[in-house]
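What follows is coords.cif (mmCIF, C-alpha atoms).
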```cif
data_start
loop_
_atom_site.label_atom_id
_atom_site.label_comp_id
_atom_site.auth_asym_id
_atom_site.auth_seq_id
_atom_site.Cartn_x
_atom_site.Cartn_y
_atom_site.Cartn_z
CA MET A 197 4.75 -4.45 -3.33
CA SER A 198 7.78 -2.89 -1.71
CA GLY A 199 10.06 -4.20 0.96
CA LEU A 200 8.98 -7.84 0.76
CA MET A 201 11.54 -10.37 1.98
CA ILE A 202 11.70 -14.07 1.29
CA ALA A 203 12.20 -15.03 4.93
CA GLY A 204 9.30 -14.54 7.27
CA LEU A 205 6.40 -14.66 4.83
CA LEU A 206 3.01 -14.61 6.47
CA VAL A 207 -0.05 -15.83 4.60
CA THR A 208 -3.38 -14.86 6.06
CA GLY A 209 -6.77 -15.69 4.57
CA VAL A 210 -9.37 -12.95 4.72
CA ASP A 211 -12.92 -14.11 4.06
CA ALA A 212 -14.24 -12.33 1.00
CA GLN A 213 -17.82 -13.30 1.80
CA GLN A 214 -18.28 -10.30 4.04
CA LYS A 215 -22.06 -10.39 4.10
CA ARG A 216 -22.15 -13.94 5.40
CA SER A 217 -19.50 -13.19 8.01
CA LYS A 218 -21.30 -10.03 9.06
CA GLN A 219 -24.56 -11.92 9.56
CA LYS A 220 -22.81 -14.49 11.78
CA SER A 221 -21.12 -11.71 13.74
CA GLN A 222 -24.45 -9.91 14.26
CA LYS A 223 -26.14 -13.07 15.54
CA ALA A 224 -23.30 -13.71 17.96
CA SER A 225 -23.38 -10.13 19.24
CA GLN A 226 -27.11 -10.32 19.90
CA SER A 227 -26.64 -13.35 22.12
CA GLN A 228 -23.79 -11.80 24.09
CA LYS A 229 -25.02 -8.74 25.96
CA GLY A 230 -22.36 -6.48 27.28
CA GLN A 231 -20.01 -7.34 24.46
CA THR A 232 -17.86 -4.32 23.56
CA GLN A 233 -18.07 -2.63 20.19
CA GLN A 234 -14.50 -3.72 19.55
CA ASP A 235 -15.57 -7.37 19.77
CA LYS A 236 -18.41 -6.94 17.28
CA THR A 237 -16.13 -6.65 14.28
CA VAL A 238 -16.24 -9.21 11.50
CA ASP A 239 -14.02 -12.25 12.02
CA THR A 240 -13.46 -11.36 15.65
CA ASN A 241 -10.30 -12.68 17.23
CA PRO A 242 -9.57 -11.35 20.73
CA ARG A 243 -6.15 -9.85 21.20
CA PRO A 244 -3.23 -11.83 22.62
CA GLY A 245 -3.80 -12.43 26.31
CA GLN A 246 -7.58 -12.08 26.05
CA PRO A 247 -9.90 -15.09 26.45
CA GLY A 248 -10.59 -16.87 23.18
CA HIS A 249 -7.55 -15.56 21.30
CA LYS A 250 -6.57 -17.76 18.36
CA ALA A 251 -2.93 -17.73 17.38
CA HIS A 252 -2.28 -17.05 13.71
CA LYS A 253 -0.34 -19.56 11.68
CA GLU A 254 2.95 -18.34 10.36
CA TRP A 255 4.87 -20.02 7.59
CA GLN A 256 8.54 -19.26 7.24
CA GLY A 257 9.67 -22.13 5.09
CA ASP A 258 12.84 -24.12 5.49
CA TYR A 259 16.36 -22.85 5.63
CA PRO A 260 17.65 -22.15 2.11
CA THR A 261 19.26 -25.05 0.31
CA VAL A 262 21.17 -25.10 -2.96
CA ALA A 263 18.14 -26.68 -4.66
CA ALA A 264 15.81 -24.02 -3.25
CA LEU A 265 18.07 -21.22 -4.42
CA GLU A 266 17.88 -22.61 -7.95
CA ASN A 267 14.10 -22.07 -7.87
CA PHE A 268 14.42 -18.39 -7.00
CA LYS A 269 16.60 -16.23 -9.18
CA VAL A 270 17.04 -12.53 -9.69
CA VAL A 271 16.62 -12.26 -13.45
CA LYS A 272 16.93 -8.50 -13.77
CA THR A 273 17.65 -5.38 -11.75
CA ILE A 274 17.07 -1.69 -12.42
CA LYS A 275 18.42 1.27 -10.50
CA PRO A 276 16.05 3.69 -8.78
CA PRO A 277 16.62 7.45 -9.06
CA GLN A 278 19.74 8.67 -7.27
CA ASN A 279 19.41 8.83 -3.48
CA PHE A 280 15.88 7.42 -3.70
CA LEU A 281 14.26 6.57 -0.35
CA GLY A 282 10.65 5.52 -0.48
CA ASN A 283 8.10 2.98 -1.73
CA LEU A 284 6.83 1.60 -5.02
CA THR A 285 3.90 -0.09 -6.70
CA TYR A 286 3.58 -2.00 -9.96
CA ASP A 287 0.53 -2.63 -12.14
CA ARG A 288 0.74 -6.08 -13.70
CA GLU A 289 -1.88 -5.41 -16.38
CA THR A 290 -0.21 -2.34 -17.88
CA GLY A 291 3.38 -3.07 -16.85
CA ARG A 292 3.72 0.38 -15.26
CA LEU A 293 5.96 1.04 -12.28
CA TRP A 294 5.74 4.02 -9.92
CA LEU A 295 7.99 5.13 -7.08
CA VAL A 296 7.14 7.69 -4.39
CA SER A 297 9.99 9.04 -2.28
CA LEU A 298 9.48 9.99 1.34
CA GLY A 299 9.19 13.63 2.27
CA PRO A 300 11.35 15.74 4.57
CA PRO A 301 12.53 15.37 7.27
CA SER A 302 12.61 11.57 6.67
CA ASN A 303 14.12 12.26 3.27
CA THR A 304 17.08 14.63 3.55
CA ASN A 305 17.68 14.78 -0.22
CA GLY A 306 14.77 17.03 -1.14
CA PRO A 307 10.99 17.00 -1.47
CA SER A 308 8.82 13.95 -1.99
CA MET A 309 8.85 12.93 -5.65
CA LEU A 310 6.60 10.73 -7.77
CA TYR A 311 8.34 8.82 -10.57
CA GLU A 312 7.16 6.54 -13.33
CA MET A 313 9.93 4.25 -14.52
CA ASP A 314 10.33 1.94 -17.46
CA ILE A 315 10.44 -1.54 -15.97
CA ARG A 316 12.73 -2.70 -18.77
CA ASP A 317 15.65 -0.32 -18.35
CA GLY A 318 14.87 1.95 -15.37
CA LYS A 319 14.45 5.06 -17.50
CA ILE A 320 12.43 7.79 -15.80
CA LEU A 321 9.35 8.34 -17.97
CA ALA A 322 7.72 11.06 -15.85
CA GLN A 323 8.24 12.77 -12.52
CA ALA A 324 6.48 15.31 -10.32
CA GLU A 325 7.14 16.95 -6.99
CA MET A 326 4.62 15.99 -4.30
CA PRO A 327 3.64 17.83 -1.10
CA PHE A 328 4.02 14.81 1.20
CA LYS A 329 6.00 15.11 4.42
CA GLY A 330 7.72 12.56 6.59
CA ASP A 331 7.30 8.81 6.45
CA PHE A 332 4.39 6.91 4.87
CA GLY A 333 3.46 3.52 3.45
CA ASP A 334 3.13 1.95 0.02
CA PRO A 335 1.11 3.50 -2.82
CA VAL A 336 -1.41 1.39 -4.76
CA PHE A 337 -2.88 1.64 -8.26
CA ILE A 338 -6.62 1.34 -8.94
CA ASP A 339 -8.49 2.14 -12.18
CA GLY A 340 -6.00 4.59 -13.60
CA TYR A 341 -5.11 6.41 -10.39
CA LEU A 342 -2.44 6.11 -7.75
CA TYR A 343 -3.56 6.15 -4.11
CA GLN A 344 -1.03 7.32 -1.54
CA GLY A 345 -1.91 7.08 2.13
CA ILE A 346 -0.24 9.41 4.63
CA PHE A 347 -0.87 7.79 7.98
CA HIS A 348 0.14 10.72 10.20
CA GLU A 349 -2.43 12.88 8.37
CA SER A 350 -5.11 10.14 8.35
CA LYS A 351 -5.58 10.88 4.64
CA MET A 352 -5.47 9.06 1.32
CA TYR A 353 -4.47 11.05 -1.78
CA LYS A 354 -5.84 10.11 -5.20
CA ILE A 355 -3.23 11.03 -7.81
CA SER A 356 -3.43 11.24 -11.59
CA VAL A 357 -0.68 9.36 -13.44
CA ASP A 358 -1.67 10.07 -17.03
CA SER A 359 0.70 12.01 -19.26
CA LYS A 360 -1.29 15.25 -19.16
CA ASP A 361 -1.80 15.60 -15.40
CA PHE A 362 0.96 13.41 -14.00
CA GLY A 363 1.25 13.97 -10.26
CA LYS A 364 -1.93 16.05 -9.92
CA ILE A 365 -3.86 15.36 -6.70
CA VAL A 366 -7.42 14.72 -7.83
CA SER A 367 -8.99 14.29 -4.40
CA THR A 368 -8.22 13.62 -0.77
CA VAL A 369 -10.24 11.25 1.38
CA PRO A 370 -10.13 10.86 5.17
CA LEU A 371 -8.99 7.57 6.66
CA PRO A 372 -10.26 5.95 9.86
CA THR A 373 -8.52 6.90 13.09
CA LEU A 374 -7.95 4.96 16.29
CA THR A 375 -11.12 6.56 17.63
CA ASP A 376 -13.10 4.89 14.84
CA LEU A 377 -11.69 1.51 15.89
CA ASN A 378 -13.10 1.99 19.40
CA LEU A 379 -10.19 0.25 21.11
CA ILE A 380 -11.62 0.59 24.59
CA ASP A 381 -9.25 -1.92 26.19
CA GLU A 382 -6.00 -0.25 25.17
CA SER A 383 -4.56 3.21 24.74
CA HIS A 384 -2.27 4.83 22.17
CA PRO A 385 -0.36 8.10 22.38
CA LEU A 386 -1.37 9.33 18.91
CA PRO A 387 -4.79 9.41 17.20
CA PHE A 388 -3.80 8.14 13.74
CA ILE A 389 -3.52 4.54 12.55
CA GLU A 390 0.06 3.84 11.52
CA PHE A 391 0.33 1.65 8.42
CA GLY A 392 3.13 0.68 6.08
CA GLY A 393 1.88 -2.27 4.06
CA VAL A 394 -0.97 -1.42 1.67
CA GLY A 395 -2.65 -3.62 -0.94
CA VAL A 396 -5.65 -3.86 -3.25
CA THR A 397 -8.31 -6.55 -2.84
CA PRO A 398 -9.77 -8.34 -5.88
CA ASP A 399 -12.90 -6.15 -5.60
CA LYS A 400 -10.70 -3.02 -5.73
CA LYS A 401 -10.84 -1.99 -2.11
CA ILE A 402 -7.75 -0.84 -0.23
CA ILE A 403 -6.42 -3.02 2.57
CA LEU A 404 -4.09 -1.50 5.16
CA HIS A 405 -2.06 -3.21 7.84
CA ALA A 406 -2.50 -1.21 11.03
CA ASP A 407 0.93 -1.71 12.54
CA ASP A 408 0.19 -0.34 16.00
CA VAL A 409 -3.02 -2.32 16.60
CA GLY A 410 -2.32 -5.48 14.61
CA GLU A 411 -5.27 -5.47 12.23
CA PHE A 412 -5.96 -5.65 8.52
CA ILE A 413 -8.33 -2.78 7.76
CA THR A 414 -10.21 -2.57 4.46
CA VAL A 415 -11.45 0.83 3.30
CA GLU A 416 -13.45 2.22 0.38
CA PRO A 417 -11.08 4.19 -1.91
CA SER A 418 -13.69 6.80 -2.86
CA ASN A 419 -14.47 7.97 0.67
CA GLY A 420 -12.22 6.14 3.15
CA ARG A 421 -15.15 4.35 4.76
CA LEU A 422 -14.10 1.47 7.00
CA ILE A 423 -15.52 -1.70 5.46
CA HIS A 424 -13.86 -4.63 7.17
CA ARG A 425 -11.50 -5.46 10.03
CA VAL A 426 -9.53 -8.62 10.72
CA ARG A 427 -7.24 -9.19 13.68
CA THR A 428 -3.74 -10.24 12.72
CA LEU A 429 -0.17 -9.84 13.90
CA LYS A 430 1.70 -6.70 14.65
CA ALA A 431 5.11 -6.29 13.03
CA LEU A 432 4.24 -6.82 9.37
CA GLY A 433 5.94 -4.99 6.55
CA GLY A 434 5.12 -4.86 2.85
CA LEU A 435 2.04 -6.79 1.72
CA ASP A 436 0.02 -7.73 -1.32
CA ALA A 437 -3.52 -9.07 -1.68
CA VAL A 438 -4.58 -11.63 -4.28
CA ALA A 439 -7.67 -13.71 -4.97
CA GLY A 440 -7.60 -17.29 -3.74
CA THR A 441 -8.95 -20.31 -5.59
CA LYS A 442 -12.14 -20.34 -3.47
CA GLY A 443 -12.94 -16.65 -3.83
CA GLU A 444 -11.22 -15.62 -0.63
CA THR A 445 -8.69 -12.83 -0.38
CA LEU A 446 -5.17 -13.98 0.46
CA VAL A 447 -2.85 -11.44 2.01
CA VAL A 448 0.88 -12.11 1.74
CA ALA A 449 3.13 -10.01 3.98
CA ASN A 450 6.61 -10.14 5.40
CA SER A 451 7.15 -10.38 9.14
CA ASP A 452 9.30 -7.62 10.62
CA PRO A 453 10.70 -8.77 13.99
CA ARG A 454 11.83 -5.24 14.78
CA GLY A 455 8.19 -4.24 15.09
CA GLY A 456 7.32 -6.98 17.54
CA TYR A 457 6.03 -5.98 20.93
CA TRP A 458 5.93 -7.34 24.43
CA ARG A 459 2.90 -7.70 26.65
CA ILE A 460 3.55 -7.41 30.37
CA VAL A 461 0.76 -8.27 32.78
CA ILE A 462 0.90 -6.37 36.06
CA PRO A 463 -1.31 -8.11 38.65
CA ALA A 464 -2.98 -6.30 41.52
CA GLY A 465 -1.29 -6.14 44.89
CA ASN A 466 2.36 -6.81 45.55
CA GLN A 467 2.63 -9.92 43.40
CA PRO A 468 5.63 -10.11 41.03
CA TYR A 469 5.14 -9.27 37.37
CA SER A 470 4.17 -12.13 35.12
CA ARG A 471 6.55 -13.13 32.39
CA ALA A 472 6.64 -10.84 29.40
CA LYS A 473 5.69 -12.54 26.17
CA ARG A 474 6.41 -11.45 22.62
CA TYR A 475 3.70 -11.53 19.99
#
```

Represent the structure contained in this file as C-alpha cells.
Amino acid sequence: MSGLMIAGLLVTGVDAQQKRSKQKSQKASQSQKGQTQQDKTVDTNPRPGQPGHKAHKEWQGDYPTVAALENFKVVKTIKPPQNFLGNLTYDRETGRLWLVSLGPPSNTNGPSMLYEMDIRDGKILAQAEMPFKGDFGDPVFIDGYLYQGIFHESKMYKISVDSKDFGKIVSTVPLPTLTDLNLIDESHPLPFIEFGGVGVTPDKKIILHADDVGEFITVEPSNGRLIHRVRTLKALGGLDAVAGTKGETLVVANSDPRGGYWRIVIPAGNQPYSRAKRY
C-alpha cells in the first residue's frame, strides 16, 4: 500500500455478504418505482446534498504525544531506485516487493519501469521496461500476477512477475467507465473513472477508489466486471483491504484534503447562492 499517511486514516466497512445486501436492495427497488439506476446499487447512500445521505464516520485519532510516538517506530528504511516516481505493492505471504514507476510525461526520467526489490536491503532483483504512460494508481498482487490499472485507458494489465517472464503482459482487461456507473444526476468531462488507491479483498477481487465520484468499486480481475459499489468519500489516497473479525471487508485509506471538493447549490430565480460546503 503506497502513500499511506498516519494522519487522516479513514476506516470504512464494506459488507462482504453481497448476496444478502443485493436481495435487500432489489426488494427496496421494487417498492420504489421511478428510482434511478444509480440508486439501485448495493449499500445505497445518496450523495451529499441528496435526501437520505448518511455521513461517513472518519477517525483521525488524537494529536501525537510522546507516548504515542513510542508505539510507532520506523524500524528500517530502504532506498528506491534512483529518481523513482511511482507506486508499490507488497505481498505479505511471499515477502516480495514490487515498484512501478509512472510513465512519461508524468515521469521525466525515462519510461515506466517495473522493479522487484529485496525488502531486506533494497537490492533490485529484477526489472523490466513497461509501456505505461502518464499517471496511474497502485498495483496489486493476486495469485502470482501483478495487476496494474491505468485509469485513463480504462484498462487493467495482468503482468507476470516470475523469473522467466518478468514484466510480460499476460492479458489486458477492460475496466468500467463512468457510463457504466450511470451517474444520471451529475456530469464529468472525461469518460474514464480516475482511481489512485487500489486493494485486494479477502476473496481476491480488486477494489478501486473512484476519486472523481467518491465510490469504492469492486471488479473481477479476470474480466473487469463490476461486482459491487459502495458510496464513500472523495479525496482518498492509498488504501488497503483486509478481512474483519465478522467476515466483513475493512478498507483502510488515507484522507487527502487536496482532493476535497465543494458543492455549490444554485437556486432558481435571482436568489443568492447557497453556502458552499466541502465534503

Practice item. Choose the residue, out of A:Leu310, A:Leu281, A:Ile338, A:Leu377, that has the smallest atom-to-atom separation from A:Leu298; count all atoms listed in the file. Key: A:Leu281

Kindly assemble as a Markdown table a list of the stretch 301-416 of chain A residues that lie within 10 Å of stretch 432-436 of chain A, each paired with its nearest atom pair and their distance in Å to one decimal, using only C-alpha atoms, sorted first by chain and then by ascending residue number.
```
| residue | atom | partner | partner_atom | distance |
| --- | --- | --- | --- | --- |
| A:Gly333 | CA | A:Gly434 | CA | 8.6 |
| A:Asp334 | CA | A:Gly434 | CA | 7.6 |
| A:Val336 | CA | A:Asp436 | CA | 9.9 |
| A:Phe391 | CA | A:Gly433 | CA | 8.9 |
| A:Gly392 | CA | A:Gly433 | CA | 6.3 |
| A:Gly393 | CA | A:Gly434 | CA | 4.3 |
| A:Val394 | CA | A:Leu435 | CA | 6.2 |
| A:Gly395 | CA | A:Asp436 | CA | 4.9 |
| A:Val396 | CA | A:Asp436 | CA | 7.1 |
| A:Thr397 | CA | A:Asp436 | CA | 8.5 |
| A:Ile403 | CA | A:Asp436 | CA | 8.9 |
| A:Leu404 | CA | A:Leu435 | CA | 8.8 |
| A:His405 | CA | A:Leu432 | CA | 7.4 |
| A:Ala406 | CA | A:Leu432 | CA | 8.9 |
| A:Asp407 | CA | A:Leu432 | CA | 6.9 |
| A:Gly410 | CA | A:Leu432 | CA | 8.5 |
```

Check your understanding: Quick one: of A:Val448, A:Val369, A:Leu284, A:Val270, who's nearest to A:Asn419, counting all atoms listed in the file?
Key ->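 Smallest distance to A:Asn419 is found for A:Val369.
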
Point to revise | Proximity to A:Gly318 - best of A:Thr304, A:Ser356, A:Gln278, A:Thr373, all atoms listed in the file | key: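 Result for the nearest residue to A:Gly318: A:Gln278.
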
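Residue nearest A:Met352, chosen from A:Pro417, A:Pro307, A:Gly291, A:Pro247 and counting all atoms listed in the file: A:Pro417.
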
Revision key, fill the gap. Across A:Glu390, A:Lys272, A:Asp314, A:Asn450, the smallest distance to A:Tyr286, with all atoms listed in the file counted, is shown by A:Asp314

Exercise for review: Step by step, work through what the PyMOL selection byres ((chain A and resi 341) around 8) selects in the shown file, and finish by giving those residues as a list in words.
Suggested key: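 Taken on the displayed file, the PyMOL selection byres ((chain A and resi 341) around 8) yields the residues Phe337, Ile338, Asp339, Gly340, Leu342, Tyr343, Lys354, Ile355, Ser356 and Val357 of chain A.
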
**Study point:** Test item: the PyMOL selection byres ((chain A and resi 292) around 8) resolved as a PyMOL selection string
**Key:** chain A and resi 286-288+290-291+293-294+312-315

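Among A:Phe412, A:Val271, A:Pro335, A:Pro398, the residue with the shortest atom-to-atom distance to A:Ser297, counting all atoms listed in the file, is A:Pro335.
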
Check your understanding: Any idea what the distance is between atom CA of A:Asn378 and atom CA of A:Ser350?
Key ->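 Distance reported for this atom pair: 15.9 Å.
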
Point to revise | A:Asp331 surroundings by only C-alpha atoms, 7 Å radius, close-in-sequence under 2 positions cut, as a count of residues only | key: 4

Where is the centre and how long are the edges: axis-aligned box on stretch 320-334 of chain A, 6 Å on each side, Å to one decimal, as JSON:
```
{"center_x": 7.8, "center_y": 9.9, "center_z": -5.7, "size_x": 21.3, "size_y": 27.9, "size_z": 36.6}
```

Protein/DNA/RNA residues near (-5.6, 5.9, 13.7), cut 10 Å, all atoms listed in the file, as a compact mmCIF listing (two decimals) with C-alpha atoms, keeping the file's coordinate frame:
```txt
# COMPACT_ATOMS: atom_id res chain seq x y z
CA PHE A 347 -0.87 7.79 7.98
CA HIS A 348 0.14 10.72 10.20
CA GLU A 349 -2.43 12.88 8.37
CA SER A 350 -5.11 10.14 8.35
CA LEU A 371 -8.99 7.57 6.66
CA PRO A 372 -10.26 5.95 9.86
CA THR A 373 -8.52 6.90 13.09
CA LEU A 374 -7.95 4.96 16.29
CA THR A 375 -11.12 6.56 17.63
CA ASP A 376 -13.10 4.89 14.84
CA LEU A 377 -11.69 1.51 15.89
CA HIS A 384 -2.27 4.83 22.17
CA LEU A 386 -1.37 9.33 18.91
CA PRO A 387 -4.79 9.41 17.20
CA PHE A 388 -3.80 8.14 13.74
CA ILE A 389 -3.52 4.54 12.55
CA GLU A 390 0.06 3.84 11.52
CA PHE A 391 0.33 1.65 8.42
CA ALA A 406 -2.50 -1.21 11.03
CA ASP A 408 0.19 -0.34 16.00
CA VAL A 409 -3.02 -2.32 16.60
```

Point to revise | Distance in Å - atom CA of A:Leu379 versus atom CA of A:Ile413 | key: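 Separation of atom CA of A:Leu379 and atom CA of A:Ile413: 13.8 Å.
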
**Study point:** Atomic separation - atom CA of A:Lys401 relative to atom CA of A:Glu289, Å
**Key:** 17.2 Å

Review point. Evaluating the PyMOL selection byres ((chain A and resi 323-327) around 6) on the displayed file yields which residues, as an MDAnalysis selection string?
Key: chainID A and resid 308:311 322 328 363

Using the incomplete input, complete stretch 360-387 of chain A to the level of N, CA and C atoms; output as a short mmCIF file (atom, residue, chain, number, x, y, z; two decimals), in the coordinates of the input.
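Output below, filename result-v8.cif:
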```cif
data_model
loop_
_atom_site.label_atom_id
_atom_site.label_comp_id
_atom_site.auth_asym_id
_atom_site.auth_seq_id
_atom_site.Cartn_x
_atom_site.Cartn_y
_atom_site.Cartn_z
N LYS A 360 -0.90 13.84 -19.19
CA LYS A 360 -1.29 15.25 -19.16
C LYS A 360 -1.23 15.83 -17.76
N ASP A 361 -1.70 15.08 -16.77
CA ASP A 361 -1.80 15.60 -15.40
C ASP A 361 -0.99 14.75 -14.42
N PHE A 362 0.16 14.29 -14.84
CA PHE A 362 0.96 13.41 -14.00
C PHE A 362 1.30 14.10 -12.68
N GLY A 363 0.95 13.44 -11.58
CA GLY A 363 1.25 13.97 -10.26
C GLY A 363 0.18 14.88 -9.68
N LYS A 364 -0.87 15.17 -10.42
CA LYS A 364 -1.93 16.05 -9.92
C LYS A 364 -2.78 15.32 -8.89
N ILE A 365 -3.00 15.95 -7.74
CA ILE A 365 -3.86 15.36 -6.70
C ILE A 365 -5.30 15.65 -7.08
N VAL A 366 -6.04 14.60 -7.37
CA VAL A 366 -7.42 14.72 -7.83
C VAL A 366 -8.37 14.92 -6.66
N SER A 367 -8.14 14.18 -5.58
CA SER A 367 -8.99 14.29 -4.40
C SER A 367 -8.25 13.76 -3.19
N THR A 368 -8.77 14.09 -2.04
CA THR A 368 -8.22 13.62 -0.77
C THR A 368 -9.36 13.06 0.07
N VAL A 369 -9.18 11.86 0.57
CA VAL A 369 -10.24 11.25 1.38
C VAL A 369 -9.70 10.99 2.79
N PRO A 370 -10.55 11.14 3.80
CA PRO A 370 -10.13 10.86 5.17
C PRO A 370 -10.05 9.36 5.43
N LEU A 371 -9.12 8.97 6.26
CA LEU A 371 -8.99 7.57 6.66
C LEU A 371 -9.46 7.40 8.10
N PRO A 372 -9.86 6.19 8.47
CA PRO A 372 -10.26 5.95 9.86
C PRO A 372 -9.13 6.27 10.83
N THR A 373 -9.49 6.65 12.03
CA THR A 373 -8.52 6.90 13.09
C THR A 373 -8.69 5.86 14.18
N LEU A 374 -7.83 5.90 15.18
CA LEU A 374 -7.95 4.96 16.29
C LEU A 374 -9.28 5.13 17.02
N THR A 375 -9.81 6.33 17.01
CA THR A 375 -11.12 6.56 17.63
C THR A 375 -12.20 5.75 16.92
N ASP A 376 -12.12 5.66 15.61
CA ASP A 376 -13.10 4.89 14.84
C ASP A 376 -13.01 3.40 15.14
N LEU A 377 -11.85 2.93 15.56
CA LEU A 377 -11.69 1.51 15.89
C LEU A 377 -12.25 1.17 17.27
N ASN A 378 -12.49 2.19 18.09
CA ASN A 378 -13.10 1.99 19.40
C ASN A 378 -12.33 0.97 20.24
N LEU A 379 -11.04 1.17 20.36
CA LEU A 379 -10.19 0.25 21.11
C LEU A 379 -10.28 0.59 22.60
N ILE A 380 -11.35 0.17 23.22
CA ILE A 380 -11.62 0.59 24.59
C ILE A 380 -10.73 -0.11 25.62
N ASP A 381 -10.06 -1.18 25.23
CA ASP A 381 -9.25 -1.92 26.19
C ASP A 381 -7.76 -1.63 26.07
N GLU A 382 -7.40 -0.61 25.30
CA GLU A 382 -6.00 -0.25 25.17
C GLU A 382 -5.91 1.23 24.80
N SER A 383 -4.75 1.79 25.02
CA SER A 383 -4.56 3.21 24.74
C SER A 383 -3.34 3.41 23.85
N HIS A 384 -3.36 4.50 23.09
CA HIS A 384 -2.27 4.83 22.17
C HIS A 384 -1.97 6.32 22.30
N PRO A 385 -0.72 6.70 22.16
CA PRO A 385 -0.36 8.10 22.38
C PRO A 385 -0.79 9.04 21.26
N LEU A 386 -1.04 8.50 20.06
CA LEU A 386 -1.37 9.33 18.91
C LEU A 386 -2.70 8.87 18.30
N PRO A 387 -3.45 9.76 17.67
CA PRO A 387 -4.79 9.41 17.20
C PRO A 387 -4.83 8.67 15.87
#
```
